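S.K.: Hey, dropping entry29.tsv in here, TSV, C-alpha atoms and all ligand atoms:
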```tsv
chain	number	residue	atom	x	y	z
M	1097	MET	CA	-1.40	90.06	-66.97
M	1098	HIS	CA	-0.22	93.53	-67.92
M	1099	ARG	CA	3.46	94.06	-67.34
M	1100	PRO	CA	5.39	97.22	-68.19
M	1101	THR	CA	8.40	96.48	-70.30
M	1102	ARG	CA	11.61	98.34	-70.86
M	1103	THR	CA	12.55	96.60	-74.06
M	1104	PRO	CA	11.17	99.27	-76.43
M	1105	VAL	CA	13.23	101.91	-74.64
M	1106	LEU	CA	16.38	99.86	-75.06
M	1107	ALA	CA	15.57	99.30	-78.71
M	1108	ALA	CA	15.19	103.02	-79.22
M	1109	VAL	CA	18.55	103.62	-77.60
M	1110	ALA	CA	20.08	101.03	-79.86
M	1111	MET	CA	18.84	102.81	-82.91
M	1112	LEU	CA	20.25	106.09	-81.66
M	1113	SER	CA	23.73	104.89	-80.98
M	1114	THR	CA	25.31	101.45	-81.25
M	1115	SER	CA	28.34	102.43	-79.25
M	1116	ALA	CA	26.26	103.78	-76.36
M	1117	LEU	CA	24.34	100.51	-76.23
M	1118	THR	CA	27.53	98.50	-76.15
M	1119	VAL	CA	28.74	100.49	-73.19
M	1120	SER	CA	25.48	100.08	-71.29
M	1121	LEU	CA	25.36	96.33	-71.96
M	1122	LEU	CA	28.84	95.96	-70.59
M	1123	ALA	CA	28.17	98.17	-67.61
M	1124	ALA	CA	24.76	96.85	-66.64
M	1125	PRO	CA	25.68	93.25	-65.63
M	1126	ALA	CA	28.59	94.47	-63.53
M	1127	GLU	CA	26.26	96.74	-61.58
M	1128	ALA	CA	23.45	94.20	-61.18
M	1129	ALA	CA	25.66	91.17	-60.52
M	1130	PRO	CA	24.99	89.57	-57.15
M	1131	ARG	CA	27.80	90.24	-54.75
M	1132	LYS	CA	30.12	87.72	-53.26
M	1133	THR	CA	29.06	85.54	-50.33
M	1134	ARG	CA	31.13	83.22	-48.18
M	1135	ILE	CA	29.77	80.67	-45.73
M	1136	SER	CA	31.75	78.83	-43.09
M	1137	GLY	CA	30.46	75.81	-41.21
M	1138	THR	CA	31.80	73.52	-38.51
M	1139	LEU	CA	30.27	70.72	-36.49
M	1140	THR	CA	30.14	70.94	-32.70
M	1141	ALA	CA	30.78	67.15	-32.66
M	1142	THR	CA	31.57	64.58	-35.36
M	1143	ALA	CA	30.03	61.57	-33.60
M	1144	SER	CA	27.00	61.12	-31.40
M	1145	ASN	CA	24.60	58.61	-29.95
M	1146	PRO	CA	20.90	59.01	-30.75
M	1147	GLY	CA	19.42	62.08	-29.09
M	1148	GLY	CA	22.77	63.84	-28.78
M	1149	SER	CA	22.85	67.60	-29.21
M	1150	VAL	CA	24.95	68.48	-32.26
M	1151	ALA	CA	24.88	71.61	-34.40
M	1152	MET	CA	26.59	73.06	-37.41
M	1153	THR	CA	27.61	76.64	-36.74
M	1154	GLY	CA	29.23	79.29	-38.88
M	1155	THR	CA	28.98	82.69	-40.46
M	1156	VAL	CA	27.74	84.06	-43.73
M	1157	LYS	CA	29.92	86.95	-44.93
M	1158	ASP	CA	28.39	89.08	-47.64
M	1159	LYS	CA	29.02	92.75	-46.71
M	1160	GLY	CA	25.28	93.16	-46.14
M	1161	LYS	CA	23.13	93.58	-43.07
M	1162	GLN	CA	20.34	91.28	-44.19
M	1163	LYS	CA	19.48	87.96	-42.60
M	1164	ARG	CA	20.25	85.09	-44.96
M	1165	THR	CA	18.69	81.64	-45.34
M	1166	VAL	CA	21.03	78.74	-44.58
M	1167	VAL	CA	20.18	75.17	-45.56
M	1168	LEU	CA	21.70	72.08	-43.93
M	1169	GLU	CA	22.39	69.37	-46.51
M	1170	GLN	CA	23.32	65.72	-46.09
M	1171	LYS	CA	25.08	63.57	-48.67
M	1172	ILE	CA	23.17	60.38	-49.46
M	1173	ALA	CA	23.76	58.05	-52.41
M	1174	THR	CA	21.56	60.14	-54.72
M	1175	GLY	CA	23.31	63.39	-53.82
M	1176	TRP	CA	22.93	66.30	-51.43
M	1177	ARG	CA	19.60	66.29	-49.62
M	1178	LYS	CA	18.04	69.18	-47.74
M	1179	VAL	CA	17.62	68.43	-44.05
M	1180	ASP	CA	16.59	71.72	-42.48
M	1181	LYS	CA	16.98	75.47	-42.79
M	1182	VAL	CA	17.48	78.50	-40.53
M	1183	ARG	CA	17.95	82.25	-40.85
M	1184	THR	CA	21.20	83.91	-39.87
M	1185	ASP	CA	21.19	86.87	-37.55
M	1186	ARG	CA	22.14	90.29	-38.93
M	1187	SER	CA	25.83	89.63	-38.34
M	1188	GLY	CA	25.55	86.51	-40.51
M	1189	ALA	CA	25.98	84.01	-37.69
M	1190	TYR	CA	23.88	80.84	-37.74
M	1191	GLU	CA	23.44	77.62	-35.81
M	1192	ILE	CA	21.50	74.70	-37.24
M	1193	THR	CA	20.63	71.46	-35.45
M	1194	VAL	CA	22.17	68.30	-36.90
M	1195	PRO	CA	19.87	65.24	-36.84
M	1196	THR	CA	20.89	62.59	-34.33
M	1197	THR	CA	17.64	60.65	-34.52
M	1198	TRP	CA	18.99	57.91	-36.80
M	1199	PHE	CA	22.19	55.97	-37.46
M	1200	TYR	CA	24.32	57.28	-40.30
M	1201	SER	CA	27.82	58.16	-41.30
M	1202	SER	CA	27.73	60.77	-44.01
M	1203	LYS	CA	28.89	64.22	-44.96
M	1204	LEU	CA	27.05	67.36	-43.96
M	1205	ARG	CA	27.41	70.89	-45.27
M	1206	THR	CA	25.56	74.17	-45.14
M	1207	ARG	CA	24.51	76.21	-48.13
M	1208	VAL	CA	23.50	79.85	-48.13
M	1209	VAL	CA	20.71	80.51	-50.60
M	1210	LYS	CA	21.40	83.21	-53.19
M	1211	ASN	CA	19.15	86.23	-53.24
M	1212	ARG	CA	18.74	89.29	-55.47
M	1213	LYS	CA	21.79	91.05	-54.07
M	1214	PHE	CA	24.11	88.29	-52.99
M	1215	ARG	CA	25.37	85.02	-54.39
M	1216	GLY	CA	24.98	81.64	-52.75
M	1217	ASP	CA	27.83	79.56	-51.37
M	1218	THR	CA	28.42	76.19	-49.74
M	1219	SER	CA	30.55	75.41	-46.71
M	1220	ARG	CA	33.13	72.68	-46.49
M	1221	ALA	CA	31.63	69.24	-45.97
M	1222	HIS	CA	32.23	67.43	-42.68
M	1223	ARG	CA	31.62	63.78	-41.87
M	1224	MET	CA	29.21	63.05	-39.06
M	1225	SER	CA	28.33	59.69	-37.49
M	1226	VAL	CA	25.42	58.70	-35.31
M	1227	VAL	CA	26.05	55.32	-33.68
M	1228	PRO	CA	24.09	53.11	-31.27
M	1229	ALA	CA	24.55	53.65	-27.54
M	1230	TYR	CA	24.63	49.84	-27.15
M	1231	VAL	CA	27.00	47.26	-28.59
M	1232	PRO	CA	25.04	45.35	-31.26
M	1233	LEU	CA	25.53	41.58	-31.25
M	1234	GLY	CA	27.12	39.61	-34.06
M	1235	SER	CA	28.55	40.62	-37.40
M	1236	PRO	CA	27.50	43.49	-39.68
M	1237	THR	CA	27.69	41.02	-42.58
M	1238	SER	CA	24.83	38.93	-41.10
M	1239	TRP	CA	22.06	40.20	-43.35
M	1240	THR	CA	20.51	39.30	-46.71
M	1241	PRO	CA	18.08	41.08	-49.01
M	1242	LEU	CA	14.58	39.61	-49.22
M	1243	GLY	CA	14.14	40.19	-52.93
M	1244	ASP	CA	16.74	39.45	-55.58
M	1245	LYS	CA	16.47	42.84	-57.26
M	1246	GLY	CA	17.26	45.25	-54.46
M	1247	ASP	CA	13.59	45.60	-53.54
M	1248	ARG	CA	12.89	48.34	-51.03
M	1249	TRP	CA	10.65	51.26	-50.21
M	1250	ASN	CA	11.60	54.72	-51.34
M	1251	PRO	CA	13.35	55.91	-48.17
M	1252	CYS	CA	12.79	59.54	-49.15
M	1253	ARG	CA	9.01	59.13	-48.83
M	1254	THR	CA	7.17	59.25	-45.51
M	1255	LEU	CA	5.53	55.83	-45.20
M	1256	SER	CA	2.10	55.57	-43.62
M	1257	TYR	CA	1.02	52.65	-41.46
M	1258	GLY	CA	-2.21	51.54	-39.87
M	1259	ILE	CA	-3.25	48.83	-37.46
M	1260	ASN	CA	-6.31	46.66	-37.84
M	1261	THR	CA	-6.92	45.89	-34.17
M	1262	SER	CA	-10.37	44.33	-34.70
M	1263	ARG	CA	-9.06	40.87	-33.79
M	1264	ALA	CA	-5.76	41.82	-32.19
M	1265	THR	CA	-4.29	39.50	-29.57
M	1266	PRO	CA	-3.10	39.54	-26.82
M	1267	ASP	CA	-4.85	42.96	-26.79
M	1268	ALA	CA	-5.00	46.15	-28.84
M	1269	ALA	CA	-2.89	48.24	-26.46
M	1270	THR	CA	-0.01	45.71	-26.36
M	1271	VAL	CA	-0.11	45.35	-30.13
M	1272	THR	CA	-0.13	49.11	-30.77
M	1273	GLN	CA	2.74	49.64	-28.35
M	1274	GLY	CA	4.83	46.83	-29.87
M	1275	ILE	CA	4.33	48.12	-33.41
M	1276	THR	CA	5.00	51.74	-32.42
M	1277	ASN	CA	8.21	50.78	-30.61
M	1278	THR	CA	9.36	48.67	-33.55
M	1279	LEU	CA	8.79	51.37	-36.14
M	1280	ALA	CA	10.68	53.85	-33.95
M	1281	LEU	CA	13.65	51.44	-34.04
M	1282	VAL	CA	13.29	50.93	-37.81
M	1283	SER	CA	13.22	54.69	-38.27
M	1284	GLN	CA	16.33	54.98	-36.12
M	1285	ALA	CA	18.11	52.33	-38.20
M	1286	THR	CA	17.05	53.62	-41.63
M	1287	GLY	CA	16.26	57.34	-41.42
M	1288	VAL	CA	12.85	56.51	-42.95
M	1289	GLN	CA	9.94	58.48	-41.51
M	1290	PHE	CA	6.67	56.73	-40.64
M	1291	THR	CA	3.32	58.34	-40.01
M	1292	PHE	CA	0.59	56.56	-38.05
M	1293	LYS	CA	-2.83	56.58	-39.75
M	1294	GLY	CA	-4.53	54.91	-36.80
M	1295	GLU	CA	-7.11	52.17	-37.05
M	1296	THR	CA	-7.69	50.57	-40.45
M	1297	ASP	CA	-10.05	47.88	-41.75
M	1298	ALA	CA	-7.52	46.86	-44.42
M	1299	MET	CA	-5.74	43.49	-44.48
M	1300	PRO	CA	-2.11	43.20	-45.57
M	1301	LEU	CA	-0.70	40.94	-48.29
M	1302	ASP	CA	-4.14	40.19	-49.79
M	1303	ASN	CA	-3.45	41.75	-53.20
M	1304	ARG	CA	-6.25	44.25	-52.67
M	1305	PHE	CA	-5.20	47.86	-52.77
M	1306	ARG	CA	-7.49	50.74	-51.96
M	1307	ARG	CA	-6.31	54.29	-52.27
M	1308	LYS	CA	-7.21	55.09	-48.66
M	1309	ASP	CA	-5.25	52.17	-47.21
M	1310	PRO	CA	-1.98	52.91	-45.41
M	1311	ASP	CA	1.24	51.81	-47.14
M	1312	ILE	CA	1.94	49.32	-44.35
M	1313	VAL	CA	-0.87	47.43	-42.62
M	1314	PHE	CA	-0.72	45.29	-39.47
M	1315	ALA	CA	-3.61	42.85	-38.97
M	1316	PHE	CA	-4.64	39.57	-37.36
M	1317	THR	CA	-6.27	36.43	-38.71
M	1318	THR	CA	-6.14	32.64	-38.46
M	1319	ASP	CA	-4.53	30.05	-40.69
M	1320	GLU	CA	-7.95	28.87	-41.92
M	1321	GLU	CA	-8.97	32.34	-43.06
M	1322	THR	CA	-5.96	33.29	-45.16
M	1323	LYS	CA	-4.34	31.96	-48.31
M	1324	LEU	CA	-0.97	32.64	-46.72
M	1325	ASP	CA	0.35	29.77	-44.67
M	1326	LEU	CA	0.02	30.59	-40.98
M	1327	GLY	CA	0.42	26.97	-39.94
M	1328	PRO	CA	1.40	25.52	-36.54
M	1329	VAL	CA	4.96	26.93	-36.46
M	1330	THR	CA	4.18	30.21	-38.22
M	1331	ALA	CA	3.30	33.12	-35.97
M	1332	ALA	CA	3.17	35.81	-38.64
M	1333	ARG	CA	4.12	36.79	-42.13
M	1334	GLY	CA	5.68	40.03	-43.22
M	1335	GLY	CA	6.57	41.50	-46.56
M	1336	TYR	CA	5.12	43.51	-49.41
M	1337	ASP	CA	2.84	42.57	-52.28
M	1338	ARG	CA	2.76	45.52	-54.66
M	1339	THR	CA	5.80	47.04	-56.26
M	1340	ARG	CA	6.73	49.16	-59.22
M	1341	ALA	CA	9.82	49.41	-61.35
M	1342	ALA	CA	12.21	52.09	-60.19
M	1343	ARG	CA	15.84	53.07	-60.39
M	1344	ASP	CA	18.28	53.31	-57.51
M	1345	ALA	CA	21.11	55.81	-57.01
M	1346	ARG	CA	23.32	54.02	-59.53
M	1347	GLY	CA	20.58	53.86	-62.13
M	1348	LYS	CA	20.07	50.14	-61.51
M	1349	ARG	CA	16.55	48.83	-61.97
M	1350	VAL	CA	14.92	47.77	-58.71
M	1351	TRP	CA	11.42	47.05	-57.40
M	1352	GLU	CA	9.98	49.77	-55.22
M	1353	ALA	CA	7.60	48.41	-52.57
M	1354	LEU	CA	4.26	50.23	-52.47
M	1355	ASP	CA	2.07	48.06	-50.22
M	1356	GLY	CA	3.02	45.69	-47.45
M	1357	GLY	CA	2.57	44.76	-43.87
M	1358	VAL	CA	2.41	42.04	-41.28
M	1359	LEU	CA	-0.29	39.42	-40.90
M	1360	TYR	CA	-0.26	37.79	-37.46
M	1361	ASP	CA	-1.76	34.46	-36.50
M	1362	LEU	CA	-4.04	35.59	-33.67
M	1363	THR	CA	-4.00	32.12	-32.10
M	1364	ASP	CA	-0.22	32.41	-31.68
M	1365	THR	CA	-0.02	36.05	-30.56
M	1366	ALA	CA	-2.82	35.39	-28.00
M	1367	THR	CA	-0.37	33.72	-25.62
M	1368	MET	CA	2.50	36.15	-26.17
M	1369	THR	CA	3.89	38.62	-23.68
M	1370	ALA	CA	4.36	42.25	-24.75
M	1371	VAL	CA	8.09	41.57	-25.16
M	1372	GLN	CA	7.52	38.49	-27.35
M	1373	PHE	CA	5.03	40.36	-29.50
M	1374	GLN	CA	7.56	43.11	-30.12
M	1375	GLN	CA	10.34	40.59	-30.81
M	1376	LEU	CA	8.14	38.96	-33.45
M	1377	THR	CA	7.30	42.38	-34.87
M	1378	LEU	CA	10.98	43.41	-35.06
M	1379	HIS	CA	11.52	40.31	-37.22
M	1380	GLU	CA	8.47	40.77	-39.46
M	1381	VAL	CA	9.05	44.48	-40.07
M	1382	GLY	CA	12.60	43.53	-41.12
M	1383	HIS	CA	10.89	41.56	-43.93
M	1384	VAL	CA	8.57	44.47	-44.69
M	1385	MET	CA	11.62	46.69	-45.15
M	1386	GLY	CA	13.24	44.16	-47.51
M	1387	LEU	CA	15.44	41.93	-45.35
M	1388	GLY	CA	15.56	38.15	-45.64
M	1389	HIS	CA	16.56	35.42	-43.20
M	1390	VAL	CA	20.11	34.89	-41.97
M	1391	PRO	CA	21.75	31.77	-40.48
M	1392	ALA	CA	23.14	33.77	-37.52
M	1393	THR	CA	20.96	33.25	-34.46
M	1394	ASP	CA	22.05	36.49	-32.77
M	1395	GLN	CA	20.18	38.63	-35.30
M	1396	TYR	CA	16.48	39.52	-35.48
M	1397	MET	CA	16.42	38.18	-39.03
M	1398	THR	CA	17.22	34.65	-37.86
M	1399	ALA	CA	14.57	32.18	-38.99
M	1400	GLY	CA	14.63	30.47	-35.63
M	1401	ALA	CA	12.97	30.98	-32.27
M	1402	GLU	CA	16.30	32.33	-30.92
M	1403	LEU	CA	14.99	35.81	-31.70
M	1404	TYR	CA	12.83	35.49	-28.58
M	1405	ASP	CA	16.06	35.50	-26.52
M	1406	LEU	CA	17.35	38.80	-27.98
M	1407	PRO	CA	17.14	42.22	-26.31
M	1408	LEU	CA	14.57	44.55	-27.90
M	1409	LEU	CA	17.11	46.18	-30.22
M	1410	TYR	CA	18.27	45.46	-33.75
M	1411	GLN	CA	21.69	43.78	-33.86
M	1412	ALA	CA	24.80	44.34	-36.02
M	1413	GLY	CA	23.64	42.50	-39.16
M	1414	ASP	CA	20.06	43.77	-38.83
M	1415	LEU	CA	21.32	47.36	-38.53
M	1416	ASN	CA	23.65	47.05	-41.51
M	1417	GLY	CA	20.89	45.52	-43.64
M	1418	LEU	CA	18.42	48.20	-42.60
M	1419	SER	CA	20.93	50.92	-43.50
M	1420	LYS	CA	21.17	49.41	-47.01
M	1421	VAL	CA	17.43	49.87	-47.54
M	1422	GLY	CA	17.38	53.24	-45.76
M	1423	LEU	CA	17.98	56.87	-46.52
M	1424	GLN	CA	21.75	56.59	-46.96
M	1425	ALA	CA	21.17	54.28	-49.94
M	1426	GLY	CA	19.45	57.18	-51.69
M	1427	CYS	CA	16.01	57.94	-53.06
M	1428	LEU	CA	14.29	55.73	-55.66
M	1429	ARG	CA	12.86	57.25	-58.81
M	1430	PRO	CA	10.00	55.52	-60.63
M	1431	LEU	CA	10.94	54.19	-64.03
M	1432	ARG	CA	9.62	56.31	-66.89
M	1433	GLY	CA	6.25	54.97	-67.93
M	1434	HIS	CA	5.84	53.07	-64.67
M	1435	ARG	CA	4.73	56.02	-62.56
M	1436	LYS	CA	1.12	54.88	-62.56
M	1437	SER	CA	1.31	51.36	-63.90
M	1438	SER	CA	2.22	49.60	-60.72
M	1439	PHE	CA	1.33	45.94	-60.71
M	1440	ASP	CA	1.07	42.94	-58.51
M	1441	ARG	CA	3.78	40.48	-57.72
M	1442	ALA	CA	3.50	37.37	-55.63
M	1443	PRO	CA	3.72	38.28	-51.94
M	1444	VAL	CA	7.27	38.14	-50.74
M	1445	SER	CA	6.69	37.04	-47.21
M	1446	VAL	CA	8.44	34.66	-44.95
M	1447	SER	CA	7.44	32.69	-41.93
M	1448	VAL	CA	8.89	32.72	-38.47
M	1449	THR	CA	8.71	29.87	-36.06
M	1450	LEU	CA	7.39	30.53	-32.61
M	1451	ASP	CA	8.74	27.55	-30.69
W	1501	ZN	ZN	10.93	35.52	-41.22
```
If you took the structure in this file and wrote it as structure tokens, what would it be?
M.R.:
Amino acid sequence: MHRPTRTPVLAAVAMLSTSALTVSLLAAPAEAAPRKTRISGTLTATASNPGGSVAMTGTVKDKGKQKRTVVLEQKIATGWRKVDKVRTDRSGAYEITVPTTWFYSSKLRTRVVKNRKFRGDTSRAHRMSVVPAYVPLGSPTSWTPLGDKGDRWNPCRTLSYGINTSRATPDAATVTQGITNTLALVSQATGVQFTFKGETDAMPLDNRFRRKDPDIVFAFTTDEETKLDLGPVTAARGGYDRTRAARDARGKRVWEALDGGVLYDLTDTATMTAVQFQQLTLHEVGHVMGLGHVPATDQYMTAGAELYDLPLLYQAGDLNGLSKVGLQAGCLRPLRGHRKSSFDRAPVSVSVTLD
């Protein structure tokens, strides 16, 4: 591409007079330097329940009349993460919506993006908390990781899921509703986004991975038809079966889950109510996200049938565990050389008793 250049002109000037060039070099940056910008930012509330209306408001001061771009950033374990952006009005005032869709306690700040004329700046950081509107049962310490190496999904990716309803019991509508409700609660507890890919013919935890398959698959079978044990007391299995080496926020090596899901025993789910099916799904998706069993019977990750007595909400230990595999824990980065070479591991999946 042809591009006019000023360099030869400058060179000619240099040959004419060294002192003149020195002056122009000194003068030029001062003239072209972006001018000062200041951004202020305050939260309209520092705590909220899900769905609350909270904003960060402030002003960009830069002695200009242009609208500026302001970015809302949230501090997670891997650093400041962009959440959203808005434009100021001509006076520099802005208001940006703070997410209250998921549970977190972290710092927020706004940043004005530099442009040709004006510098960038960041506001002071303010801590914001989004907390449940209900009182979760039990202790926040009632959770365990499923894997021994901090296995989890990359919470900074949008995870896709699909449902294989071909043999779904009690019926496809109940199943779809139960799974949708559960993933909304997981999203609320983790900050992880899920996208529904609809119907799939894939089966989870079968060590077969096709590019078109969703990341997380929900499907139905019988004990006789699967290598996984779906025996008399096992209603479903949940987990993941393909991982790759990655690093967490501290640089520690972990396994990043790439494929997983829930395999239900259709003979067990056939007699379940919609509530029971969702209770079972809340437990199994806990495994999918990387949580193991706990002795406490007031948590969804209990190994016992007590989970069928719990309200349809994650409890204190469940929520704390989910937050540890969620967005606040920071993004995962694939280990160098492992970007493509993902490989199979034995399915990490656990049973749950029905009765
Ligand atoms: Zn289990």
S.K.: How many Å separate CA of Ala1189 in chain M from CA of Ser1201 in chain M?
M.R.: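 Separation between CA of Ala1189 in chain M and CA of Ser1201 in chain M: 26.2 Å.
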S.K.: State, in Å with one decimal place, the distance from CA of Ala1221 in chain M to CA of Gly1413 in chain M.
M.R.: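 Going from CA of Ala1221 in chain M over to CA of Gly1413 in chain M covers 28.7 Å.
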S.K.: Around all listed atoms of range 1152-1155 of chain M, padded 6 Å per side, what centre and edge lengths does the axis-aligned box have in Å to one decimal, as AutoDock Vina command-line options?
M.R.:
```
--center_x 27.9 --center_y 77.9 --center_z -38.6 --size_x 14.6 --size_y 21.6 --size_z 15.7
```
S.K.: Each residue of chain M lying at most 12 Å from ligand ZN 1501 (chain W) should get a row with its shortest atom-to-atom pair and the distance in Å to one decimal, counting all atoms listed in the file; could you produce that, ordered by chain and increasing number, as JSON lines?
M.R.:
```
{"residue": "M:Thr1240", "atom": "CA", "partner": "W:ZN1501", "partner_atom": "ZN", "distance": 11.7}
{"residue": "M:Pro1241", "atom": "CA", "partner": "W:ZN1501", "partner_atom": "ZN", "distance": 11.9}
{"residue": "M:Leu1242", "atom": "CA", "partner": "W:ZN1501", "partner_atom": "ZN", "distance": 9.7}
{"residue": "M:Leu1326", "atom": "CA", "partner": "W:ZN1501", "partner_atom": "ZN", "distance": 12.0}
{"residue": "M:Val1329", "atom": "CA", "partner": "W:ZN1501", "partner_atom": "ZN", "distance": 11.5}
{"residue": "M:Thr1330", "atom": "CA", "partner": "W:ZN1501", "partner_atom": "ZN", "distance": 9.1}
{"residue": "M:Ala1331", "atom": "CA", "partner": "W:ZN1501", "partner_atom": "ZN", "distance": 9.6}
{"residue": "M:Ala1332", "atom": "CA", "partner": "W:ZN1501", "partner_atom": "ZN", "distance": 8.2}
{"residue": "M:Arg1333", "atom": "CA", "partner": "W:ZN1501", "partner_atom": "ZN", "distance": 7.0}
{"residue": "M:Gly1334", "atom": "CA", "partner": "W:ZN1501", "partner_atom": "ZN", "distance": 7.2}
{"residue": "M:Gly1335", "atom": "CA", "partner": "W:ZN1501", "partner_atom": "ZN", "distance": 9.1}
{"residue": "M:Val1358", "atom": "CA", "partner": "W:ZN1501", "partner_atom": "ZN", "distance": 10.7}
{"residue": "M:Leu1359", "atom": "CA", "partner": "W:ZN1501", "partner_atom": "ZN", "distance": 11.9}
{"residue": "M:Gln1375", "atom": "CA", "partner": "W:ZN1501", "partner_atom": "ZN", "distance": 11.6}
{"residue": "M:Leu1376", "atom": "CA", "partner": "W:ZN1501", "partner_atom": "ZN", "distance": 8.9}
{"residue": "M:Thr1377", "atom": "CA", "partner": "W:ZN1501", "partner_atom": "ZN", "distance": 10.0}
{"residue": "M:Leu1378", "atom": "CA", "partner": "W:ZN1501", "partner_atom": "ZN", "distance": 10.0}
{"residue": "M:His1379", "atom": "CA", "partner": "W:ZN1501", "partner_atom": "ZN", "distance": 6.3}
{"residue": "M:Glu1380", "atom": "CA", "partner": "W:ZN1501", "partner_atom": "ZN", "distance": 6.1}
{"residue": "M:Val1381", "atom": "CA", "partner": "W:ZN1501", "partner_atom": "ZN", "distance": 9.2}
{"residue": "M:Gly1382", "atom": "CA", "partner": "W:ZN1501", "partner_atom": "ZN", "distance": 8.2}
{"residue": "M:His1383", "atom": "CA", "partner": "W:ZN1501", "partner_atom": "ZN", "distance": 6.6}
{"residue": "M:Val1384", "atom": "CA", "partner": "W:ZN1501", "partner_atom": "ZN", "distance": 9.9}
{"residue": "M:Met1385", "atom": "CA", "partner": "W:ZN1501", "partner_atom": "ZN", "distance": 11.9}
{"residue": "M:Gly1386", "atom": "CA", "partner": "W:ZN1501", "partner_atom": "ZN", "distance": 10.9}
{"residue": "M:Leu1387", "atom": "CA", "partner": "W:ZN1501", "partner_atom": "ZN", "distance": 8.9}
{"residue": "M:Gly1388", "atom": "CA", "partner": "W:ZN1501", "partner_atom": "ZN", "distance": 6.9}
{"residue": "M:His1389", "atom": "CA", "partner": "W:ZN1501", "partner_atom": "ZN", "distance": 6.0}
{"residue": "M:Val1390", "atom": "CA", "partner": "W:ZN1501", "partner_atom": "ZN", "distance": 9.2}
{"residue": "M:Pro1391", "atom": "CA", "partner": "W:ZN1501", "partner_atom": "ZN", "distance": 11.5}
{"residue": "M:Gln1395", "atom": "CA", "partner": "W:ZN1501", "partner_atom": "ZN", "distance": 11.4}
{"residue": "M:Tyr1396", "atom": "CA", "partner": "W:ZN1501", "partner_atom": "ZN", "distance": 8.9}
{"residue": "M:Met1397", "atom": "CA", "partner": "W:ZN1501", "partner_atom": "ZN", "distance": 6.5}
{"residue": "M:Thr1398", "atom": "CA", "partner": "W:ZN1501", "partner_atom": "ZN", "distance": 7.2}
{"residue": "M:Ala1399", "atom": "CA", "partner": "W:ZN1501", "partner_atom": "ZN", "distance": 5.4}
{"residue": "M:Gly1400", "atom": "CA", "partner": "W:ZN1501", "partner_atom": "ZN", "distance": 8.4}
{"residue": "M:Ala1401", "atom": "CA", "partner": "W:ZN1501", "partner_atom": "ZN", "distance": 10.2}
{"residue": "M:Leu1403", "atom": "CA", "partner": "W:ZN1501", "partner_atom": "ZN", "distance": 10.4}
{"residue": "M:Val1444", "atom": "CA", "partner": "W:ZN1501", "partner_atom": "ZN", "distance": 10.5}
{"residue": "M:Ser1445", "atom": "CA", "partner": "W:ZN1501", "partner_atom": "ZN", "distance": 7.5}
{"residue": "M:Val1446", "atom": "CA", "partner": "W:ZN1501", "partner_atom": "ZN", "distance": 4.6}
{"residue": "M:Ser1447", "atom": "CA", "partner": "W:ZN1501", "partner_atom": "ZN", "distance": 4.5}
{"residue": "M:Val1448", "atom": "CA", "partner": "W:ZN1501", "partner_atom": "ZN", "distance": 4.4}
{"residue": "M:Thr1449", "atom": "CA", "partner": "W:ZN1501", "partner_atom": "ZN", "distance": 8.0}
{"residue": "M:Leu1450", "atom": "CA", "partner": "W:ZN1501", "partner_atom": "ZN", "distance": 10.6}
```
S.K.: Which of these residues is nearest to Asn1250 in chain M, using all atoms listed in the file: M:Thr1270, M:Gln1289, M:Thr1265, M:Ser1187?
M.R.: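 Residue with the minimum atom-to-atom distance to Asn1250 in chain M: M:Gln1289.
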